[in-house]
Structure formats: C-alpha cells, structure tokens
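One file, entry.csv, is given below (CSV, C-alpha atoms and all ligand atoms).
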```csv
chain,number,residue,atom,x,y,z
A,1,MET,CA,125.6,78.9,121.9
A,2,ASN,CA,126.2,81.9,119.6
A,3,TYR,CA,124.0,84.4,121.4
A,4,GLU,CA,122.7,84.4,124.9
A,5,GLU,CA,119.5,86.1,123.7
A,6,SER,CA,118.6,83.2,121.4
A,7,LEU,CA,116.8,81.0,123.9
A,8,LYS,CA,115.0,83.9,125.5
A,9,ILE,CA,113.6,84.8,122.0
A,10,LEU,CA,112.8,81.1,121.3
A,11,GLU,CA,110.8,81.0,124.6
A,12,GLU,CA,108.8,84.1,123.6
A,13,ILE,CA,108.0,82.6,120.2
A,14,LYS,CA,106.9,79.4,121.9
A,15,LYS,CA,104.6,81.3,124.2
A,16,ALA,CA,103.0,83.2,121.4
A,17,LYS,CA,100.2,82.1,119.0
A,18,LYS,CA,100.2,84.9,116.4
A,19,ILE,CA,103.3,86.7,115.4
A,20,LEU,CA,104.1,89.7,113.3
A,21,ILE,CA,107.3,90.2,111.3
A,22,ASN,CA,108.2,93.3,109.4
A,23,CYS,CA,110.2,94.2,106.3
A,24,HIS,CA,111.6,97.7,106.6
A,25,LYS,CA,110.9,100.7,104.5
A,26,ASN,CA,111.9,100.1,100.8
A,27,PRO,CA,113.3,96.8,101.8
A,28,ASP,CA,116.4,95.2,100.3
A,29,SER,CA,117.1,91.6,99.8
A,30,ASP,CA,118.4,91.1,103.4
A,31,SER,CA,115.2,92.5,104.8
A,32,VAL,CA,113.0,90.3,102.6
A,33,GLY,CA,115.2,87.2,102.9
A,34,SER,CA,115.5,87.4,106.7
A,35,ALA,CA,111.7,88.0,107.1
A,36,LEU,CA,110.8,85.0,104.9
A,37,ALA,CA,113.4,82.8,106.8
A,38,ALA,CA,112.1,83.9,110.2
A,39,ALA,CA,108.5,83.2,109.0
A,40,GLN,CA,109.5,79.6,108.0
A,41,PHE,CA,110.9,79.1,111.5
A,42,ILE,CA,107.8,80.4,113.1
A,43,LYS,CA,105.6,78.2,111.0
A,44,PHE,CA,107.8,75.2,111.9
A,45,LEU,CA,106.9,75.9,115.5
A,46,ASP,CA,103.2,75.8,114.5
A,47,LYS,CA,102.5,79.5,115.0
A,48,GLU,CA,100.6,81.8,112.8
A,49,VAL,CA,102.7,84.5,111.1
A,50,ARG,CA,102.0,87.6,109.2
A,51,ILE,CA,104.7,89.6,107.3
A,52,ILE,CA,104.0,93.3,106.8
A,53,CYS,CA,106.0,96.0,105.0
A,54,PRO,CA,105.2,99.7,105.2
A,55,THR,CA,106.1,100.5,101.6
A,56,LYS,CA,106.1,98.8,98.2
A,57,ILE,CA,108.9,96.3,97.5
A,58,ASN,CA,111.2,96.6,94.5
A,59,SER,CA,109.9,94.2,91.9
A,60,GLN,CA,113.4,92.9,91.3
A,61,LEU,CA,113.0,90.8,94.4
A,62,LYS,CA,109.9,89.0,93.1
A,63,PHE,CA,112.1,86.0,92.1
A,64,ILE,CA,112.4,85.1,95.8
A,65,GLU,CA,110.1,82.2,96.8
A,66,ASN,CA,107.2,83.1,99.1
A,67,PHE,CA,107.7,86.8,98.1
A,68,GLU,CA,103.9,87.1,97.6
A,69,THR,CA,103.3,86.2,101.3
A,70,ILE,CA,104.6,89.7,102.3
A,71,GLU,CA,101.9,92.3,102.6
A,72,GLN,CA,103.2,95.5,101.0
A,73,GLY,CA,102.3,99.1,101.7
A,74,VAL,CA,100.7,98.3,105.1
A,75,ASP,CA,99.9,101.3,107.3
A,76,PHE,CA,101.4,100.2,110.6
A,77,ASN,CA,99.1,102.6,112.4
A,78,SER,CA,96.1,100.6,111.3
A,79,VAL,CA,97.3,97.2,112.5
A,80,ASN,CA,95.3,95.8,115.4
A,81,TYR,CA,98.2,94.9,117.6
A,82,LYS,CA,95.9,93.3,120.2
A,83,ASP,CA,95.4,90.4,117.7
A,84,TYR,CA,99.0,89.5,118.0
A,85,ASP,CA,101.3,88.3,120.8
A,86,LEU,CA,104.7,89.2,119.4
A,87,PHE,CA,106.4,91.4,116.8
A,88,ILE,CA,109.7,90.3,115.5
A,89,VAL,CA,111.4,93.4,113.9
A,90,LEU,CA,114.3,92.5,111.6
A,91,ASP,CA,117.1,94.4,109.9
A,92,SER,CA,115.9,97.8,111.2
A,93,SER,CA,118.1,100.2,113.1
A,94,SER,CA,115.1,102.3,114.4
A,95,TRP,CA,111.3,101.9,114.8
A,96,ASP,CA,110.7,104.6,112.2
A,97,PHE,CA,112.9,102.7,109.7
A,98,ALA,CA,111.0,99.4,110.5
A,99,SER,CA,107.5,100.8,110.3
A,100,LYS,CA,107.3,104.3,108.8
A,101,MET,CA,105.5,105.3,112.0
A,102,GLU,CA,106.7,108.1,114.3
A,103,GLU,CA,109.9,107.1,116.0
A,104,ASN,CA,108.4,107.3,119.5
A,105,ASN,CA,105.1,105.8,118.6
A,106,ILE,CA,105.8,102.2,119.5
A,107,PRO,CA,102.7,100.1,119.5
A,108,PRO,CA,101.5,98.1,122.6
A,109,ILE,CA,103.0,94.7,121.7
A,110,LYS,CA,106.2,92.9,122.7
A,111,LEU,CA,109.0,93.8,120.3
A,112,ILE,CA,111.9,91.5,119.6
A,113,VAL,CA,114.6,93.4,117.6
A,114,ILE,CA,117.1,91.3,115.6
A,115,ASP,CA,119.5,93.5,113.7
A,116,HIS,CA,123.1,94.2,112.5
A,117,HIS,CA,123.0,98.0,111.9
A,118,ALA,CA,125.8,100.0,113.6
A,119,THR,CA,123.2,102.7,114.5
A,120,ASN,CA,120.7,100.3,116.1
A,121,LYS,CA,118.7,102.0,118.9
A,122,ARG,CA,117.8,98.9,120.9
A,123,TYR,CA,114.1,99.7,121.0
A,124,GLY,CA,112.9,96.2,121.6
A,125,SER,CA,112.2,94.4,124.9
A,126,ILE,CA,114.7,91.9,123.7
A,127,ASN,CA,117.5,93.1,121.3
A,128,LEU,CA,119.7,90.6,119.5
A,129,VAL,CA,122.0,93.0,117.7
A,130,ASP,CA,125.4,92.0,116.3
A,131,LYS,CA,127.0,95.0,114.6
A,132,LYS,CA,129.9,93.0,113.2
A,133,LEU,CA,127.9,91.0,110.8
A,134,ILE,CA,127.4,91.8,107.1
A,135,ALA,CA,123.7,90.8,107.1
A,136,VAL,CA,120.9,90.0,109.5
A,137,SER,CA,120.5,86.8,107.5
A,138,GLU,CA,123.9,85.8,108.7
A,139,LEU,CA,122.8,86.5,112.3
A,140,LEU,CA,119.6,84.4,111.8
A,141,TYR,CA,121.7,81.5,110.6
A,142,SER,CA,123.5,81.5,114.0
A,143,PHE,CA,120.2,82.1,115.8
A,144,PHE,CA,118.6,79.0,114.1
A,145,GLU,CA,121.7,77.0,115.1
A,146,ASP,CA,121.2,78.1,118.7
A,147,CYS,CA,117.6,77.0,118.6
A,148,GLY,CA,118.5,73.6,117.0
A,149,PHE,CA,116.4,74.4,113.9
A,150,GLU,CA,117.5,72.3,110.9
A,151,ILE,CA,117.6,74.6,107.9
A,152,ASP,CA,116.1,73.2,104.7
A,153,LYS,CA,116.8,74.3,101.1
A,154,LYS,CA,114.1,76.9,101.1
A,155,VAL,CA,115.3,78.6,104.3
A,156,ALA,CA,118.8,78.3,103.0
A,157,SER,CA,117.8,80.2,99.9
A,158,PHE,CA,116.2,83.0,101.9
A,159,LEU,CA,119.3,83.5,104.0
A,160,LEU,CA,121.7,83.3,101.1
A,161,VAL,CA,119.7,86.0,99.3
A,162,GLY,CA,120.2,88.3,102.3
A,163,ILE,CA,123.9,87.5,102.6
A,164,ILE,CA,124.7,87.9,98.9
A,165,GLY,CA,122.6,91.2,98.8
A,166,ASP,CA,124.1,92.9,101.9
A,167,SER,CA,127.7,91.8,101.1
A,168,GLY,CA,127.5,92.7,97.4
A,169,VAL,CA,128.4,89.1,96.5
A,170,TYR,CA,131.0,88.7,99.4
A,171,ARG,CA,132.8,91.9,98.3
A,172,PHE,CA,132.0,94.5,100.9
A,173,PRO,CA,134.1,95.1,104.0
A,174,GLY,CA,132.5,93.2,106.9
A,175,THR,CA,132.4,89.9,104.8
A,176,THR,CA,134.3,87.5,107.0
A,177,ALA,CA,135.6,83.9,106.9
A,178,LYS,CA,132.4,83.0,108.9
A,179,THR,CA,130.2,84.7,106.3
A,180,LEU,CA,131.8,82.5,103.6
A,181,GLU,CA,131.5,79.4,105.8
A,182,ILE,CA,127.8,80.0,106.3
A,183,ALA,CA,127.3,80.7,102.6
A,184,ALA,CA,129.0,77.4,101.8
A,185,GLU,CA,126.7,75.6,104.2
A,186,LEU,CA,123.7,77.2,102.6
A,187,ILE,CA,124.9,76.4,99.1
A,188,SER,CA,125.4,72.8,100.1
A,189,LYS,CA,121.7,72.6,100.9
A,190,GLY,CA,121.1,72.8,97.2
A,191,VAL,CA,120.6,76.6,96.7
A,192,ASP,CA,121.6,77.9,93.3
A,193,GLN,CA,123.8,80.8,94.1
A,194,ASN,CA,124.2,81.8,90.5
A,195,GLU,CA,120.5,82.3,90.1
A,196,ILE,CA,120.5,84.7,93.1
A,197,ILE,CA,123.4,86.7,91.7
A,198,ARG,CA,121.9,86.9,88.3
A,199,ASN,CA,118.6,88.2,89.7
A,200,LEU,CA,120.2,90.7,92.1
A,201,TYR,CA,123.1,92.0,90.1
A,202,PHE,CA,122.9,91.0,86.4
A,203,SER,CA,119.3,92.3,85.9
A,204,VAL,CA,119.7,96.1,85.6
A,205,ASP,CA,117.0,97.8,83.6
A,206,PHE,CA,118.2,99.6,80.4
A,207,GLU,CA,116.7,102.8,81.7
A,208,GLU,CA,118.7,102.6,84.8
A,209,PHE,CA,121.9,102.4,82.8
A,210,LYS,CA,120.9,105.5,80.9
A,211,PHE,CA,120.3,107.2,84.3
A,212,TRP,CA,123.8,106.2,85.4
A,213,GLY,CA,125.1,107.9,82.3
A,214,ARG,CA,123.6,111.2,83.6
A,215,VAL,CA,124.9,110.5,87.1
A,216,MET,CA,128.5,109.9,85.8
A,217,ASP,CA,128.3,113.1,83.8
A,218,LYS,CA,127.3,115.1,86.9
A,219,MET,CA,129.5,113.4,89.5
A,220,GLN,CA,131.9,115.7,91.3
A,221,TYR,CA,135.0,115.3,93.4
A,222,ASP,CA,135.5,117.5,96.4
A,223,ARG,CA,139.3,117.5,96.4
A,224,GLU,CA,139.6,119.5,99.7
A,225,TYR,CA,137.5,117.0,101.7
A,226,ASN,CA,138.2,113.9,99.6
A,227,PHE,CA,134.8,112.7,98.7
A,228,VAL,CA,132.8,112.2,95.5
A,229,TRP,CA,129.2,113.3,95.2
A,230,VAL,CA,126.3,113.8,92.9
A,231,ALA,CA,122.9,115.5,93.2
A,232,ILE,CA,120.1,114.6,90.9
A,233,SER,CA,117.0,116.8,90.7
A,234,ASN,CA,113.5,115.4,90.6
A,235,GLU,CA,113.1,116.4,86.9
A,236,ILE,CA,116.1,114.2,85.8
A,237,TYR,CA,115.1,111.4,88.2
A,238,LYS,CA,111.6,111.3,86.6
A,239,GLU,CA,113.0,111.6,83.1
A,240,PHE,CA,114.7,108.2,83.6
A,241,GLY,CA,111.8,106.4,85.1
A,242,GLY,CA,112.3,107.4,88.8
A,243,ARG,CA,112.5,104.1,90.5
A,244,LYS,CA,113.0,103.7,94.2
A,245,ASN,CA,116.1,101.4,93.8
A,246,TYR,CA,118.2,104.0,91.8
A,247,LYS,CA,119.7,105.7,94.8
A,248,GLU,CA,121.0,102.6,96.5
A,249,ASP,CA,122.0,100.9,93.3
A,250,THR,CA,123.9,103.9,92.1
A,251,ALA,CA,125.7,104.4,95.4
A,252,THR,CA,126.7,100.7,95.7
A,253,THR,CA,127.8,100.3,92.1
A,254,PHE,CA,129.9,103.5,91.7
A,255,PHE,CA,130.3,105.6,94.8
A,256,GLN,CA,132.7,103.6,96.9
A,257,SER,CA,135.1,102.8,94.1
A,258,ILE,CA,136.7,106.2,93.0
A,259,ASN,CA,140.4,106.1,93.5
A,260,PHE,CA,141.8,108.1,96.4
A,261,SER,CA,138.4,109.2,97.7
A,262,ASP,CA,137.3,108.4,101.3
A,263,PHE,CA,133.6,108.1,100.5
A,264,GLY,CA,130.8,108.9,98.1
A,265,ILE,CA,127.4,110.5,98.4
A,266,VAL,CA,124.4,110.1,96.1
A,267,MET,CA,121.6,112.6,96.5
A,268,ILE,CA,118.4,112.2,94.7
A,269,GLU,CA,115.3,114.4,94.9
A,270,GLU,CA,112.9,111.5,94.8
A,271,GLU,CA,109.9,113.8,95.5
A,272,LYS,CA,109.8,117.6,95.2
A,273,GLY,CA,111.1,118.9,98.5
A,274,THR,CA,112.6,115.6,99.6
A,275,LEU,CA,116.3,114.9,99.1
A,276,ASN,CA,117.2,111.3,99.8
A,277,VAL,CA,120.8,110.5,100.5
A,278,SER,CA,122.9,107.4,100.2
A,279,LEU,CA,126.5,107.2,101.5
A,280,ARG,CA,129.2,104.7,100.8
A,281,SER,CA,132.6,104.6,102.5
A,282,ARG,CA,135.7,103.4,100.5
A,283,THR,CA,138.3,103.6,103.3
A,284,GLY,CA,136.3,102.9,106.4
A,285,LEU,CA,135.6,106.5,107.3
A,286,ASP,CA,132.4,106.0,109.3
A,287,VAL,CA,129.6,107.4,107.1
A,288,SER,CA,126.8,106.3,109.5
A,289,GLN,CA,127.6,109.5,111.6
A,290,ILE,CA,126.7,111.6,108.5
A,291,ALA,CA,123.6,109.6,108.0
A,292,VAL,CA,122.5,110.0,111.6
A,293,GLU,CA,122.9,113.8,111.3
A,294,LEU,CA,120.7,113.6,108.2
A,295,GLY,CA,117.9,111.9,110.1
A,296,GLY,CA,118.9,108.3,109.0
A,297,GLY,CA,121.3,105.6,110.0
A,298,GLY,CA,123.0,102.5,108.8
A,299,HIS,CA,126.5,101.0,108.7
A,300,ARG,CA,130.0,102.3,108.8
A,301,TYR,CA,130.4,101.5,105.1
A,302,ALA,CA,126.9,102.0,103.8
A,303,SER,CA,124.2,104.3,105.2
A,304,GLY,CA,121.5,106.7,104.2
A,305,GLY,CA,119.3,109.6,105.3
A,306,GLY,CA,117.5,112.6,103.9
A,307,ILE,CA,116.3,116.1,104.1
A,308,LYS,CA,112.7,117.3,103.8
A,309,GLY,CA,111.3,120.8,103.2
A,310,LEU,CA,114.3,122.6,101.6
A,311,GLN,CA,114.8,123.8,98.1
A,312,PHE,CA,116.9,121.4,96.0
A,313,ASN,CA,120.1,123.5,96.0
A,314,GLU,CA,119.8,124.4,99.7
A,315,ALA,CA,119.3,120.7,100.7
A,316,VAL,CA,122.3,119.7,98.6
A,317,GLU,CA,124.5,122.4,100.3
A,318,LYS,CA,123.3,121.2,103.7
A,319,VAL,CA,124.2,117.6,102.9
A,320,LEU,CA,127.7,118.7,101.7
A,321,GLY,CA,128.1,120.8,104.9
A,322,VAL,CA,127.4,117.8,107.1
A,323,ALA,CA,129.6,115.6,105.0
A,324,ARG,CA,132.5,118.0,105.3
A,325,LYS,CA,132.1,118.1,109.1
A,326,TYR,CA,132.9,114.4,109.3
A,327,ALA,CA,135.3,114.2,106.3
A,328,LYS,CA,139.1,114.2,106.6
A,329,LYS,CA,140.4,117.4,105.1
A,330,THR,CA,143.4,116.8,102.8
A,331,ASN,CA,146.5,118.8,103.7
B,1,MN,MN,120.8,94.2,106.4
```
Let me see whether you can do it: turn the structure in this file into structure tokens.
Amino acid sequence: MNYEESLKILEEIKKAKKILINCHKNPDSDSVGSALAAAQFIKFLDKEVRIICPTKINSQLKFIENFETIEQGVDFNSVNYKDYDLFIVLDSSSWDFASKMEENNIPPIKLIVIDHHATNKRYGSINLVDKKLIAVSELLYSFFEDCGFEIDKKVASFLLVGIIGDSGVYRFPGTTAKTLEIAAELISKGVDQNEIIRNLYFSVDFEEFKFWGRVMDKMQYDREYNFVWVAISNEIYKEFGGRKNYKEDTATTFFQSINFSDFGIVMIEEEKGTLNVSLRSRTGLDVSQIAVELGGGGHRYASGGGIKGLQFNEAVEKVLGVARKYAKKTN
C-alpha cells in the first residue's frame, strides 16, 4: 500500500453515484491529465462523472484525448452541488485555486483533495497530499496501484502528460528514480512519449518567441539579492498577443537558468491593475514563501501569485520588496 488514504477514498467513490472533478484555474497539463485519468477510473467503477474547470484551458492541450469532455469556464458558484455525492479536487493547493470561488466559500459537498503542492491547505474531508512528488499524476499512479486498478493505454497517456508537463520532461528538481520508473511503465503501455513532448514543448507560437525577445531585452539582474526579474506591462503583453500561457512558459523556459542567480521572477500585467507573478528557483531557495505572501502558492521550485489594485510600477516594487525579504543577500 502506497497511501493509507487510498482505500478510504476508494470507499467514498464506491458509495457515490455522481462525482465532480475539477481542473484548476488556467490548468496545466498535470491538472488536465490527472482529471482525465481520475475520470476514467470513476467510469470504470460505473459512476457518473463531470469534469469542470473555472477558466478557459490553453488550446495547446487540445491534443490530449478526451479533452473535449472537460467543461471550461464554469462558474463554480452556479453548480448545483446537491446533484452530486462527491467532489474530487486535484492538483490544487487551495480551494480558491481549484475553483476561482472565495477561499472560505466551500460548497456543501464532500471534498476529497488529492495534491502535491508544498502549500496545500488540506481543505478536504480526506486529503491525500504527497509534497515530495513532481506531479499529482505520479500520485494517481500509486493511488490506482493501491486500488488494484489496471491502467490501460489511455489512462497511461493522461498520467504521462501530467508527469512530462510538471517535470519539464524529467528535468526539474523533484524528478526521482520513482518518477522515471513510473514513466517507463506508462510508456510500456504503448504511449507515444515523443508526441506528448512535441505537443507540450516543441509547439511554441511564433508570436510567443517574439514576446520572449522583448522579455530578454527587459530582463534585469538584482546583484545584491541575487535574482533575475522582468516586469511586462499590459501594453506590451497585448502587443504580442497576450496569451494566458506566456507567464508560466517564460518563467519555466528562462527564469531558472541564469548562472549564479538563486531564482527568477516573471511579472506580467495580464489585465490593467492586475500583476500576475510566476517564480522559479534555481538553487532550491524556497520561492513558494514569496508566492504565499503574494496571495498565491505552489512548490519550492515553481510557484506563483499576484497583486491586484495597484499601479503597474507600485505593484512591481511591491513584488521586488517581498522577493528581497526571502532572498539571500550577497556579501
Ligand atoms: Mn501539478
């Protein structure tokens, strides 16, 4: 048995008839992959399942099978929770992140939280949280094993999408021997790993490359506190097509790889008056603390937050101030 919670969760699923699953706000491939895998498991147990997402999903993830079964842009306030017996919340450190609802406004339904975020708030009635894992898809693999669920090629492809996405193709710290063993198992089910990698990493829009040109130009190095950062105004963001994935993509692709820096920060004013922030650690300095203070959360190596209601320059200064609080000053 990998997790003692597994059988409790299985029991709850068996008791239920209709089950909700979420994808989190602006979901990544781990959110989408894990939700689709969990849905297959629930269907296998002859239950009804509905997958809902509070925002739109990046169209880059359309290549994933069953993608169209996820309802996008659902107002979680308007869901009639009485129609369902159980809500399985995946890959979400907090209820707000899961649902885009108010943090304390948890609906009257039994929540099962399955997650791997360092900042997870354990807001479910059962919480299966393993912070050591690179992806919640990796956790689901072990959960399925506990339940005796035989993974087919389709479920294997969903889990591999999540693992490849959250590990940056087995590259980010937190990728372990176990991650690779599980990936090998999934590939042996017949999943084409190259197709997943091509769709997730070798399919950058030309406009985004041009955006990166501007980002590189504006990137700064705080030599005193040893981090790199960039702040992009709403005007520039829009000029280059202003897509939701730019912030994460930019942070992951560039901001944890600058020699000698401890971490990197990407700030993008995605809407006027809203500065969204993505953080990447290079050395293991825990950037999730910075994210939490900026109203967000995440992992030690990758996290995010944001600031609402300030002028662009003021918001940028505030982010830099918080970052310096947790940064290591160079002597
Ligand atoms: Mn994840």
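Interatomic distance, CA of Gln256 (chain A) against CA of Gly305 (chain A): 16.9 Å.
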Around ligand MN 1 (chain B), which protein and nucleic acid residues have at least one atom no more than 10 Å from it, if we count all atoms listed in the file? List them as a PDB file with C-alpha atoms, keeping the file's coordinate frame.
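Writing done, so here's pocket_32.pdb:
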```pdb
ATOM      1  CA  HIS A  24     111.600  97.700 106.600  1.00  0.00           C
ATOM      2  CA  PRO A  27     113.300  96.800 101.800  1.00  0.00           C
ATOM      3  CA  ASP A  28     116.400  95.200 100.300  1.00  0.00           C
ATOM      4  CA  SER A  29     117.100  91.600  99.800  1.00  0.00           C
ATOM      5  CA  ASP A  30     118.400  91.100 103.400  1.00  0.00           C
ATOM      6  CA  SER A  31     115.200  92.500 104.800  1.00  0.00           C
ATOM      7  CA  VAL A  32     113.000  90.300 102.600  1.00  0.00           C
ATOM      8  CA  GLY A  33     115.200  87.200 102.900  1.00  0.00           C
ATOM      9  CA  SER A  34     115.500  87.400 106.700  1.00  0.00           C
ATOM     10  CA  LEU A  90     114.300  92.500 111.600  1.00  0.00           C
ATOM     11  CA  ASP A  91     117.100  94.400 109.900  1.00  0.00           C
ATOM     12  CA  SER A  92     115.900  97.800 111.200  1.00  0.00           C
ATOM     13  CA  SER A  93     118.100 100.200 113.100  1.00  0.00           C
ATOM     14  CA  ASP A 115     119.500  93.500 113.700  1.00  0.00           C
ATOM     15  CA  HIS A 116     123.100  94.200 112.500  1.00  0.00           C
ATOM     16  CA  HIS A 117     123.000  98.000 111.900  1.00  0.00           C
ATOM     17  CA  LEU A 133     127.900  91.000 110.800  1.00  0.00           C
ATOM     18  CA  ILE A 134     127.400  91.800 107.100  1.00  0.00           C
ATOM     19  CA  ALA A 135     123.700  90.800 107.100  1.00  0.00           C
ATOM     20  CA  VAL A 136     120.900  90.000 109.500  1.00  0.00           C
ATOM     21  CA  SER A 137     120.500  86.800 107.500  1.00  0.00           C
ATOM     22  CA  GLU A 138     123.900  85.800 108.700  1.00  0.00           C
ATOM     23  CA  LEU A 139     122.800  86.500 112.300  1.00  0.00           C
ATOM     24  CA  GLY A 162     120.200  88.300 102.300  1.00  0.00           C
ATOM     25  CA  ILE A 163     123.900  87.500 102.600  1.00  0.00           C
ATOM     26  CA  GLY A 165     122.600  91.200  98.800  1.00  0.00           C
ATOM     27  CA  ASP A 166     124.100  92.900 101.900  1.00  0.00           C
ATOM     28  CA  SER A 167     127.700  91.800 101.100  1.00  0.00           C
ATOM     29  CA  GLY A 298     123.000 102.500 108.800  1.00  0.00           C
ATOM     30  CA  HIS A 299     126.500 101.000 108.700  1.00  0.00           C
TER      31      HIS A 299
END
```
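Shortest atom-to-atom contact with Ala315 (chain A) among A:Ser59, A:Gln40, A:Thr274, A:Thr179: A:Thr274, counting all atoms listed in the file.
Separating CA of Leu86 (chain A) from CA of Glu68 (chain A) is a distance of 21.9 Å.
Picture a line from CA of Ile258 (chain A) to CA of Gly284 (chain A); it runs 13.8 Å.
Every protein, DNA or RNA residue with an atom at most 9 Å from Ile9 (chain A), where only C-alpha atoms count and chain neighbours fewer than 6 positions away do not, is listed here: Ile112, Ile126 and Leu128 of chain A.
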Show which residues sit within 12 Å of Gly148 (chain A), as a ChimeraX atom specification. Count only C-alpha atoms, and ignore same-chain residues fewer than 5 positions away. /A:1-2,6-7,10,41,44-45,141-143
Residue neighbourhood Cys23 (chain A), 12 Å, only C-alpha atoms, exclusion window fewer than 6 positions, as a ChimeraX atom specification: /A:29-39,50-57,67,69-74,76,87-92,95-100,114-115,136
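All residues of protein, DNA or RNA that reach within 9 Å of Gly242 (chain A), judged by all atoms listed in the file and not counting those fewer than 6 positions away in the chain, are Glu208, Asn234, Ile236 and Glu270 of chain A.
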Taking only C-alpha atoms into account, name the residue in A:Cys147, A:Asn127, A:Lys210, A:Ser157 that is nearest to Glu11 (chain A). A:Cys147
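When all atoms listed in the file are used to compute distances to Glu195 (chain A), the closest of the residues A:Thr253, A:Arg223, A:Lys47, A:Ile64 turns out to be A:Ile64.
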Add whatever atoms are absent from region 85-93 of chain A to reach all heavy atoms, and provide the output as a PDB file, in the frame of the given file.
```
ATOM      1  N   ASP A  85     100.605  88.448 119.486  1.00  0.00           N
ATOM      2  CA  ASP A  85     101.300  88.300 120.800  1.00  0.00           C
ATOM      3  C   ASP A  85     102.725  88.772 120.741  1.00  0.00           C
ATOM      4  O   ASP A  85     103.335  88.977 121.789  1.00  0.00           O
ATOM      5  CB  ASP A  85     101.290  86.790 121.161  1.00  0.00           C
ATOM      6  CG  ASP A  85      99.904  86.185 121.060  1.00  0.00           C
ATOM      7  OD1 ASP A  85      99.000  86.677 121.763  1.00  0.00           O
ATOM      8  OD2 ASP A  85      99.712  85.254 120.253  1.00  0.00           O
ATOM      9  N   LEU A  86     103.263  88.923 119.533  1.00  0.00           N
ATOM     10  CA  LEU A  86     104.700  89.200 119.400  1.00  0.00           C
ATOM     11  C   LEU A  86     104.977  89.853 118.072  1.00  0.00           C
ATOM     12  O   LEU A  86     104.332  89.531 117.081  1.00  0.00           O
ATOM     13  CB  LEU A  86     105.456  87.879 119.533  1.00  0.00           C
ATOM     14  CG  LEU A  86     106.944  87.892 119.844  1.00  0.00           C
ATOM     15  CD1 LEU A  86     107.200  88.518 121.206  1.00  0.00           C
ATOM     16  CD2 LEU A  86     107.486  86.449 119.822  1.00  0.00           C
ATOM     17  N   PHE A  87     105.951  90.766 118.076  1.00  0.00           N
ATOM     18  CA  PHE A  87     106.400  91.400 116.800  1.00  0.00           C
ATOM     19  C   PHE A  87     107.875  91.244 116.704  1.00  0.00           C
ATOM     20  O   PHE A  87     108.629  91.767 117.526  1.00  0.00           O
ATOM     21  CB  PHE A  87     105.980  92.896 116.853  1.00  0.00           C
ATOM     22  CG  PHE A  87     105.986  93.570 115.506  1.00  0.00           C
ATOM     23  CD1 PHE A  87     105.272  94.752 115.312  1.00  0.00           C
ATOM     24  CD2 PHE A  87     106.693  93.052 114.429  1.00  0.00           C
ATOM     25  CE1 PHE A  87     105.258  95.390 114.076  1.00  0.00           C
ATOM     26  CE2 PHE A  87     106.688  93.676 113.188  1.00  0.00           C
ATOM     27  CZ  PHE A  87     105.971  94.849 113.007  1.00  0.00           C
ATOM     28  N   ILE A  88     108.293  90.505 115.699  1.00  0.00           N
ATOM     29  CA  ILE A  88     109.700  90.300 115.500  1.00  0.00           C
ATOM     30  C   ILE A  88     110.171  91.331 114.400  1.00  0.00           C
ATOM     31  O   ILE A  88     109.708  91.283 113.253  1.00  0.00           O
ATOM     32  CB  ILE A  88     110.067  88.891 115.058  1.00  0.00           C
ATOM     33  CG1 ILE A  88     109.636  87.936 116.191  1.00  0.00           C
ATOM     34  CG2 ILE A  88     111.570  88.745 114.765  1.00  0.00           C
ATOM     35  CD1 ILE A  88     109.891  86.487 115.902  1.00  0.00           C
ATOM     36  N   VAL A  89     111.022  92.266 114.807  1.00  0.00           N
ATOM     37  CA  VAL A  89     111.400  93.400 113.900  1.00  0.00           C
ATOM     38  C   VAL A  89     112.874  93.068 113.449  1.00  0.00           C
ATOM     39  O   VAL A  89     113.799  92.983 114.251  1.00  0.00           O
ATOM     40  CB  VAL A  89     111.387  94.711 114.654  1.00  0.00           C
ATOM     41  CG1 VAL A  89     111.771  95.834 113.712  1.00  0.00           C
ATOM     42  CG2 VAL A  89     109.990  94.948 115.218  1.00  0.00           C
ATOM     43  N   LEU A  90     113.020  92.921 112.141  1.00  0.00           N
ATOM     44  CA  LEU A  90     114.300  92.500 111.600  1.00  0.00           C
ATOM     45  C   LEU A  90     114.973  93.592 110.757  1.00  0.00           C
ATOM     46  O   LEU A  90     114.294  94.369 110.078  1.00  0.00           O
ATOM     47  CB  LEU A  90     114.068  91.286 110.659  1.00  0.00           C
ATOM     48  CG  LEU A  90     113.635  89.980 111.337  1.00  0.00           C
ATOM     49  CD1 LEU A  90     112.928  89.085 110.332  1.00  0.00           C
ATOM     50  CD2 LEU A  90     114.820  89.268 111.952  1.00  0.00           C
ATOM     51  N   ASP A  91     116.297  93.609 110.798  1.00  0.00           N
ATOM     52  CA  ASP A  91     117.100  94.400 109.900  1.00  0.00           C
ATOM     53  C   ASP A  91     116.755  95.925 109.947  1.00  0.00           C
ATOM     54  O   ASP A  91     116.860  96.623 108.947  1.00  0.00           O
ATOM     55  CB  ASP A  91     116.911  93.904 108.438  1.00  0.00           C
ATOM     56  CG  ASP A  91     118.045  94.331 107.503  1.00  0.00           C
ATOM     57  OD1 ASP A  91     119.189  94.453 107.969  1.00  0.00           O
ATOM     58  OD2 ASP A  91     117.779  94.562 106.310  1.00  0.00           O
ATOM     59  N   SER A  92     116.365  96.402 111.118  1.00  0.00           N
ATOM     60  CA  SER A  92     115.900  97.800 111.200  1.00  0.00           C
ATOM     61  C   SER A  92     116.552  98.498 112.394  1.00  0.00           C
ATOM     62  O   SER A  92     116.333  98.134 113.552  1.00  0.00           O
ATOM     63  CB  SER A  92     114.363  97.804 111.436  1.00  0.00           C
ATOM     64  OG  SER A  92     113.711  97.116 110.387  1.00  0.00           O
ATOM     65  N   SER A  93     117.327  99.535 112.090  1.00  0.00           N
ATOM     66  CA  SER A  93     118.100 100.200 113.100  1.00  0.00           C
ATOM     67  C   SER A  93     117.156 101.036 114.060  1.00  0.00           C
ATOM     68  O   SER A  93     117.481 101.262 115.216  1.00  0.00           O
ATOM     69  CB  SER A  93     119.098 101.169 112.503  1.00  0.00           C
ATOM     70  OG  SER A  93     118.464 102.011 111.566  1.00  0.00           O
TER      71      SER A  93
END
```
